[in-house]
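J.: Starting off with a structure, shown below.
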Amino acid sequence: MTMRETQAIIERVRRVSAELLQLELSVDPGLIEIKPGQSVYAWVLENTTWTPYLREQWIPVSVRAPHALTVEFVPEHDYAPGQVVSLLSPVGKPIPVRENSSRVLLIAENVYPTPFVMLARQLVNNEKAVTLVLSERALHYPLELLPPEVEILRRDTDWKWPEQVETLNWADQVILLAPAMMQATVYGNLFEAIRQLRQHQIPDGYICGLFYPRLACGTGACQACQIPGNDHADWLACSDGPALDLKKVAFA
């Protein structure tokens, strides 16, 4: 899909928890092809000549042909059915699932696992085993929004969960999610733990981190969402991400 600007109409507003909102949008049929990991960059069109500089990044959680897209996020404003929204999409690339991967471990550290919802559904539909580890803020996520086939593990405050070593050995792929201000610490610690466990033999794409900084342009033009990489190569969360192979990210 090529990034472009379209308009959508809010068809339904649903509060799914004290903080989380879901909007069902009527969108251009091309947006039904959006994949897990990709998002939309949105602002509501009002009867005003003022245009906000920063749009909001909305995370898709489901699609329904021919033109229904449901997004989920922590709202900054009030929304109502009938409002028209400008969408810049798709932002980012799909989350890559390793070839022949049959067991996927998802870890949400102190952040709602919204970016995992659509991915988990895709994995389950493809008959892959999925385990989701939740900690801190993630523990308050309404689990009924996730596919029932997903195994849920709860992580305590010392960065561990029951049978952690066994779970890491079980997984064919690990995908991490943490708040922007915690990513360097969380992703660096988990990468080092896996590196020690696998005796420094980590396949390409085995452990990925999702990067969701506050975006300025969403197109890669402003360079504001740079993620430092190894070998003097930096990444852009908006165009290269959100999923980056942590073998290629510099944590020091």
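Ordered as shown in the structure tokens, chains take letters A, B, and onward, while each chain numbers its residues from 1 and ligands are numbered from 1 in the order shown.
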Any chance you could list, as a PyMOL selection string, the residues in range 56-250 of chain A that come up strand (DSSP E or B) when DSSP is run on the backbone?

T.: chain A and resi 56-64+68-73+84-91+103-109+129-135+151-154+173-177+207-210+226-227+229+235-236+243-245+249

J.: Find the spatial neighbours of Ser62 in chain A, counting only C-alpha atoms, within a cut-off of 8 Å - ignore same-chain residues fewer than 2 positions away - and output them as a PyMOL selection string.

T.: chain A and resi 60+64+69-71+118

J.: Counting only C-alpha atoms, which residues of range 110-227 of chain A sit at most 10 Å from some atom of range 20-25 of chain A, and what is each one's closest atom pair with its distance in Å to one decimal, listed by chain and rising residue number, as a tab-separated table?

T.:
residue	atom	partner	partner_atom	distance
A:Tyr112	CA	A:Leu20	CA	9.0
A:Thr114	CA	A:Leu20	CA	9.5
A:Tyr141	CA	A:Leu20	CA	8.8
A:Pro142	CA	A:Leu20	CA	9.5

J.: Based on the selection just made, write N, CA, C and O atoms of those residues as an mmCIF file, in the first residue's frame.

T.:
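Wrote it out as selection.cif, contents follow:
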data_model
loop_
_atom_site.group_PDB
_atom_site.id
_atom_site.type_symbol
_atom_site.label_atom_id
_atom_site.label_comp_id
_atom_site.auth_asym_id
_atom_site.auth_seq_id
_atom_site.Cartn_x
_atom_site.Cartn_y
_atom_site.Cartn_z
ATOM 1 N N TYR A 112 -0.650 -0.641 27.034
ATOM 2 C CA TYR A 112 -1.749 -1.433 26.499
ATOM 3 C C TYR A 112 -1.305 -2.186 25.244
ATOM 4 O O TYR A 112 -0.641 -1.607 24.376
ATOM 5 N N THR A 114 -2.577 -2.872 22.503
ATOM 6 C CA THR A 114 -3.395 -2.575 21.320
ATOM 7 C C THR A 114 -2.714 -2.980 20.010
ATOM 8 O O THR A 114 -3.355 -3.591 19.147
ATOM 9 N N TYR A 141 -5.747 -4.192 30.599
ATOM 10 C CA TYR A 141 -6.361 -4.260 29.281
ATOM 11 C C TYR A 141 -7.522 -5.257 29.306
ATOM 12 O O TYR A 141 -7.398 -6.356 29.880
ATOM 13 N N PRO A 142 -8.663 -4.919 28.693
ATOM 14 C CA PRO A 142 -9.803 -5.865 28.667
ATOM 15 C C PRO A 142 -9.501 -7.072 27.785
ATOM 16 O O PRO A 142 -9.433 -6.959 26.554
#

J.: Could the residues of range 58-96 of chain A that have an atom at most 9 Å from range 209-218 of chain A be listed as a Markdown table, each with its closest atom pair and the distance in Å to one decimal, counting only C-alpha atoms and ordered by chain and ascending residue number?

T.:
| residue | atom | partner | partner_atom | distance |
| --- | --- | --- | --- | --- |
| A:Leu88 | CA | A:Gly218 | CA | 8.1 |
| A:Ser89 | CA | A:Gly218 | CA | 8.8 |
| A:Val91 | CA | A:Gly218 | CA | 6.3 |
| A:Gly92 | CA | A:Gly218 | CA | 8.2 |
| A:Ile95 | CA | A:Leu210 | CA | 8.6 |

J.: DSSP on the backbone: which residues in range 46-240 of chain A end up as helix (DSSP H, G or I)? Give the answer as JSON, numbers by chain.

T.: {"A": [114, 115, 116, 117, 118, 119, 120, 121, 122, 123, 124, 125, 136, 137, 138, 139, 140, 143, 144, 145, 164, 165, 166, 167, 168, 169, 170, 180, 181, 182, 183, 184, 185, 186, 187, 188, 189, 190, 191, 192, 193, 194, 195, 196, 197, 230, 231, 232]}

J.: Neighbouring residues of Val85 in chain A were defined as those with any atom within 7 Å, considering only C-alpha atoms; residues of the same chain fewer than 6 positions away were excluded. Please report them as a list of chain:residue names.

T.: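 The residues satisfying every condition are A:Gln7, A:Ala8, A:Ile9, A:Ala42, A:Trp43, A:Val44, A:Leu45.
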
J.: Pull N, CA and C atoms from the residues just selected and write them as a PDB file, in the first residue's frame.

T.:
ATOM      1  N   GLN A   7     -10.276  10.435   3.346  1.00  0.00           N
ATOM      2  CA  GLN A   7     -11.202  10.843   4.401  1.00  0.00           C
ATOM      3  C   GLN A   7     -12.024   9.651   4.859  1.00  0.00           C
ATOM      4  N   ALA A   8     -12.389   9.683   6.134  1.00  0.00           N
ATOM      5  CA  ALA A   8     -13.208   8.624   6.721  1.00  0.00           C
ATOM      6  C   ALA A   8     -14.322   9.264   7.536  1.00  0.00           C
ATOM      7  N   ILE A   9     -15.351   8.494   7.808  1.00  0.00           N
ATOM      8  CA  ILE A   9     -16.469   8.955   8.632  1.00  0.00           C
ATOM      9  C   ILE A   9     -16.545   8.079   9.879  1.00  0.00           C
ATOM     10  N   ALA A  42      -4.196  10.664  11.956  1.00  0.00           N
ATOM     11  CA  ALA A  42      -5.531  11.226  11.798  1.00  0.00           C
ATOM     12  C   ALA A  42      -5.714  12.584  12.472  1.00  0.00           C
ATOM     13  N   TRP A  43      -6.629  13.368  11.902  1.00  0.00           N
ATOM     14  CA  TRP A  43      -7.193  14.509  12.611  1.00  0.00           C
ATOM     15  C   TRP A  43      -8.603  14.737  12.114  1.00  0.00           C
ATOM     16  N   VAL A  44      -9.458  15.194  13.030  1.00  0.00           N
ATOM     17  CA  VAL A  44     -10.871  15.381  12.730  1.00  0.00           C
ATOM     18  C   VAL A  44     -11.060  16.718  12.026  1.00  0.00           C
ATOM     19  N   LEU A  45     -11.772  16.689  10.898  1.00  0.00           N
ATOM     20  CA  LEU A  45     -12.060  17.910  10.144  1.00  0.00           C
ATOM     21  C   LEU A  45     -13.220  18.647  10.801  1.00  0.00           C
TER      22      LEU A  45
END

J.: Nearest to His67 in chain A among A:Thr2, A:Arg14, A:Tyr206, A:Ser26, with distances taken over only C-alpha atoms: which residue is it?

T.: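 Checking each of A:Thr2, A:Arg14, A:Tyr206, A:Ser26 against His67 in chain A, counting only C-alpha atoms, the winner is A:Ser26.
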
J.: Env of Leu119 in chain A: 8 Å cut, atoms = only C-alpha atoms, seq-sep filter 2 positions within chain, self excluded. Answer as a list in words.

T.: Pro36, Gly37, Ile95, Pro115, Phe116, Val117, Arg121, Gln122 and Leu123 of chain A

J.: So which residues touch Met3 in chain A within 12 Å, counting only C-alpha atoms, skipping near sequence neighbours fewer than 4 positions away, as a list of chain:residue names?

T.: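 The contact residues come out as A:Gly30, A:Leu31, A:Ile34, A:Gln38, A:Ser39, A:Val40, A:Tyr41, A:Leu87, A:Leu88, A:Ser89, A:Pro90, A:Val91, A:Gly92, A:Lys93, A:Gly218, A:Thr219, A:Gly220, A:Cys238, A:Ser239.
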
J.: For N, CA, C and O atoms, I'd like the residues from the last selection saved as a PDB file, in the first residue's frame.

T.:
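See part.pdb below for the written result:
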ATOM      1  N   GLY A  30      -9.541   0.705  -0.048  1.00  0.00           N
ATOM      2  CA  GLY A  30      -8.128   0.335  -0.067  1.00  0.00           C
ATOM      3  C   GLY A  30      -7.544   0.170   1.319  1.00  0.00           C
ATOM      4  O   GLY A  30      -6.586  -0.590   1.512  1.00  0.00           O
ATOM      5  N   LEU A  31      -8.122   0.842   2.319  1.00  0.00           N
ATOM      6  CA  LEU A  31      -7.588   0.751   3.679  1.00  0.00           C
ATOM      7  C   LEU A  31      -7.902  -0.586   4.344  1.00  0.00           C
ATOM      8  O   LEU A  31      -7.322  -0.915   5.380  1.00  0.00           O
ATOM      9  N   ILE A  34      -4.925  -2.817   5.111  1.00  0.00           N
ATOM     10  CA  ILE A  34      -3.926  -2.464   6.120  1.00  0.00           C
ATOM     11  C   ILE A  34      -3.557  -3.699   6.935  1.00  0.00           C
ATOM     12  O   ILE A  34      -4.396  -4.566   7.205  1.00  0.00           O
ATOM     13  N   GLN A  38       0.843  -1.577  10.899  1.00  0.00           N
ATOM     14  CA  GLN A  38       0.597  -0.315  10.222  1.00  0.00           C
ATOM     15  C   GLN A  38      -0.495   0.457  10.971  1.00  0.00           C
ATOM     16  O   GLN A  38      -1.348  -0.127  11.631  1.00  0.00           O
ATOM     17  N   SER A  39      -0.440   1.770  10.857  1.00  0.00           N
ATOM     18  CA  SER A  39      -1.398   2.605  11.571  1.00  0.00           C
ATOM     19  C   SER A  39      -1.876   3.723  10.667  1.00  0.00           C
ATOM     20  O   SER A  39      -1.445   3.848   9.514  1.00  0.00           O
ATOM     21  N   VAL A  40      -2.786   4.546  11.193  1.00  0.00           N
ATOM     22  CA  VAL A  40      -3.272   5.707  10.450  1.00  0.00           C
ATOM     23  C   VAL A  40      -2.959   6.957  11.260  1.00  0.00           C
ATOM     24  O   VAL A  40      -2.939   6.932  12.493  1.00  0.00           O
ATOM     25  N   TYR A  41      -2.691   8.030  10.557  1.00  0.00           N
ATOM     26  CA  TYR A  41      -2.315   9.309  11.156  1.00  0.00           C
ATOM     27  C   TYR A  41      -3.487  10.247  10.905  1.00  0.00           C
ATOM     28  O   TYR A  41      -3.769  10.591   9.748  1.00  0.00           O
ATOM     29  N   LEU A  87      -7.309  11.098   7.045  1.00  0.00           N
ATOM     30  CA  LEU A  87      -6.392  10.009   7.369  1.00  0.00           C
ATOM     31  C   LEU A  87      -5.199  10.034   6.425  1.00  0.00           C
ATOM     32  O   LEU A  87      -5.358  10.068   5.202  1.00  0.00           O
ATOM     33  N   LEU A  88      -4.011   9.982   7.011  1.00  0.00           N
ATOM     34  CA  LEU A  88      -2.791   9.743   6.253  1.00  0.00           C
ATOM     35  C   LEU A  88      -2.396   8.308   6.559  1.00  0.00           C
ATOM     36  O   LEU A  88      -2.156   7.954   7.721  1.00  0.00           O
ATOM     37  N   SER A  89      -2.340   7.468   5.539  1.00  0.00           N
ATOM     38  CA  SER A  89      -2.135   6.042   5.798  1.00  0.00           C
ATOM     39  C   SER A  89      -1.607   5.347   4.543  1.00  0.00           C
ATOM     40  O   SER A  89      -1.748   5.853   3.427  1.00  0.00           O
ATOM     41  N   PRO A  90      -1.025   4.165   4.739  1.00  0.00           N
ATOM     42  CA  PRO A  90      -0.688   3.572   6.030  1.00  0.00           C
ATOM     43  C   PRO A  90       0.649   4.105   6.534  1.00  0.00           C
ATOM     44  O   PRO A  90       1.564   4.354   5.755  1.00  0.00           O
ATOM     45  N   VAL A  91       0.738   4.300   7.840  1.00  0.00           N
ATOM     46  CA  VAL A  91       1.992   4.695   8.469  1.00  0.00           C
ATOM     47  C   VAL A  91       2.744   3.422   8.865  1.00  0.00           C
ATOM     48  O   VAL A  91       2.197   2.563   9.558  1.00  0.00           O
ATOM     49  N   GLY A  92       3.996   3.310   8.438  1.00  0.00           N
ATOM     50  CA  GLY A  92       4.821   2.174   8.823  1.00  0.00           C
ATOM     51  C   GLY A  92       4.644   0.952   7.942  1.00  0.00           C
ATOM     52  O   GLY A  92       3.897   0.941   6.962  1.00  0.00           O
ATOM     53  N   LYS A  93       5.370  -0.089   8.346  1.00  0.00           N
ATOM     54  CA  LYS A  93       5.360  -1.357   7.634  1.00  0.00           C
ATOM     55  C   LYS A  93       4.670  -2.423   8.478  1.00  0.00           C
ATOM     56  O   LYS A  93       4.622  -2.316   9.707  1.00  0.00           O
ATOM     57  N   GLY A 218       5.021  11.627  10.130  1.00  0.00           N
ATOM     58  CA  GLY A 218       4.507  10.313   9.754  1.00  0.00           C
ATOM     59  C   GLY A 218       4.974   9.809   8.413  1.00  0.00           C
ATOM     60  O   GLY A 218       4.603   8.717   7.986  1.00  0.00           O
ATOM     61  N   THR A 219       5.809  10.586   7.717  1.00  0.00           N
ATOM     62  CA  THR A 219       6.213  10.220   6.362  1.00  0.00           C
ATOM     63  C   THR A 219       7.706  10.001   6.216  1.00  0.00           C
ATOM     64  O   THR A 219       8.176   9.653   5.130  1.00  0.00           O
ATOM     65  N   GLY A 220       8.496  10.231   7.274  1.00  0.00           N
ATOM     66  CA  GLY A 220       9.942  10.104   7.193  1.00  0.00           C
ATOM     67  C   GLY A 220      10.644  11.368   6.760  1.00  0.00           C
ATOM     68  O   GLY A 220      11.866  11.385   6.606  1.00  0.00           O
ATOM     69  N   CYS A 238       8.654   5.794  11.826  1.00  0.00           N
ATOM     70  CA  CYS A 238       7.438   5.954  11.027  1.00  0.00           C
ATOM     71  C   CYS A 238       7.498   5.210   9.702  1.00  0.00           C
ATOM     72  O   CYS A 238       6.476   4.711   9.227  1.00  0.00           O
ATOM     73  N   SER A 239       8.666   5.120   9.087  1.00  0.00           N
ATOM     74  CA  SER A 239       8.759   4.495   7.767  1.00  0.00           C
ATOM     75  C   SER A 239       9.445   3.137   7.783  1.00  0.00           C
ATOM     76  O   SER A 239       9.107   2.253   6.985  1.00  0.00           O
TER      77      SER A 239
END

J.: Measuring atom to atom with only C-alpha atoms, identify which of A:Phe73, A:Trp58, A:Trp170, A:Phe251 is nearest to Arg103 in chain A.

T.: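 Using only C-alpha atoms, Arg103 in chain A sits closest to A:Trp170.
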